[in-house]
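**Student:** Have a look at this one before I ask anything.
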Amino acid sequence: MRVARGFAAALLLTALSLAACAAAHAQSAGEWTSSAQLWRDTCRYCHEGKLAPELRGAGLAAQAIAGAVRHGPGAMPSFAPSAISDRDLEQLAAWIRAQPKPVPPQTDESERMPRHETRQRIR
Ligand code: HEC
């Protein structure tokens with residue numbers, strides 16, 4: 001359990017430094033060209049994996065999204081207006097709200113199906 005926690009903490013630290021890079025990038029670039037790009041560069045690393053809750057298709061209010069970004073709940077880093085402007089954040093929240101719930105693991109169907117069938121036959 002302690003080892004697993006340590007591993008999760010290491011993952012989060014890696015993610016945090018990546019997020020810091022993304023924020024630095026944003027500062028030099030001024031603005032992102034799109035919400036999709038902002039998501040890809042800044043949020044996806046944590047929010048499209050096991051590190052953080054799934055936001056797409058989660059029905060979160062725009063204010064809840066903006067609040068989380070500014071204040072950084074729990075292990076999430078916060079992002080100041082210098083990193084993500086109010087306008088970008090507003091658009092990002094709307095973009096996240098418009099995303100469909102993602103379909104689970106995109107493994108290669110042709111590889112996955114036979115193994116699944118074998119398992120069922122054994123059972
Ligand atoms: C370093 C990883 C990391 C990054 C980068 C990150 N988040 Fe998070 N986020 C988290 C974690 C972890 C939580 C869960 C915090 C808790 O409740 O303990 C969270 C929670 C949230 C929540 C609240 C979810 C809920 O169900 O209430 C929202 C909204 C959110 N993040 C939005 C974003 C957005 C938008 C971005 C990009 C600008 C972003 N996050 C970037 C790690 C991250």
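We label chains A, B, ... in the order they appear in the structure tokens, count residues from 1 in each chain, and number ligands from 1 in the order shown.
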Neighbours of ligand 1 within 8 Å, counting only C-alpha atoms and all ligand atoms, as a PyMOL selection string?
**Tutor:** chain A and resi 12-19+38-39+42-47+51-55+58+60+64-69+72-79+84+89+92-93+96
**Student:** Mind giving me the straight-line distance from CA of Ala62 in chain A to CA of Arg97 in chain A in Å, one decimal?
**Tutor:**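 Calculated distance between CA of Ala62 in chain A and CA of Arg97 in chain A is 7.3 Å.
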**Student:** Nearest residue to Pro81 in chain A out of A:Lys50, A:Gly59, A:Glu31, A:Gln99, using only C-alpha atoms?
**Tutor:**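 Closest candidate: A:Glu31.
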**Student:** Quick one, how far is CA of Ala94 in chain A from CA of Asp41 in chain A?
**Tutor:** 17.1 Å
**Student:** Kindly indicate which residue among A:Gln63, A:Trp95, A:Gly57, A:His71 lies nearest to Ser34 in chain A, using only C-alpha atoms for the distances.
**Tutor:**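 Nearest candidate to Ser34 in chain A out of A:Gln63, A:Trp95, A:Gly57, A:His71: A:Trp95.
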**Student:** Between CA of Pro100 in chain A and CA of Arg70 in chain A, what is the spacing in Å?
**Tutor:**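 Spanning CA of Arg70 in chain A to CA of Pro100 in chain A is a straight-line distance of 23.8 Å.
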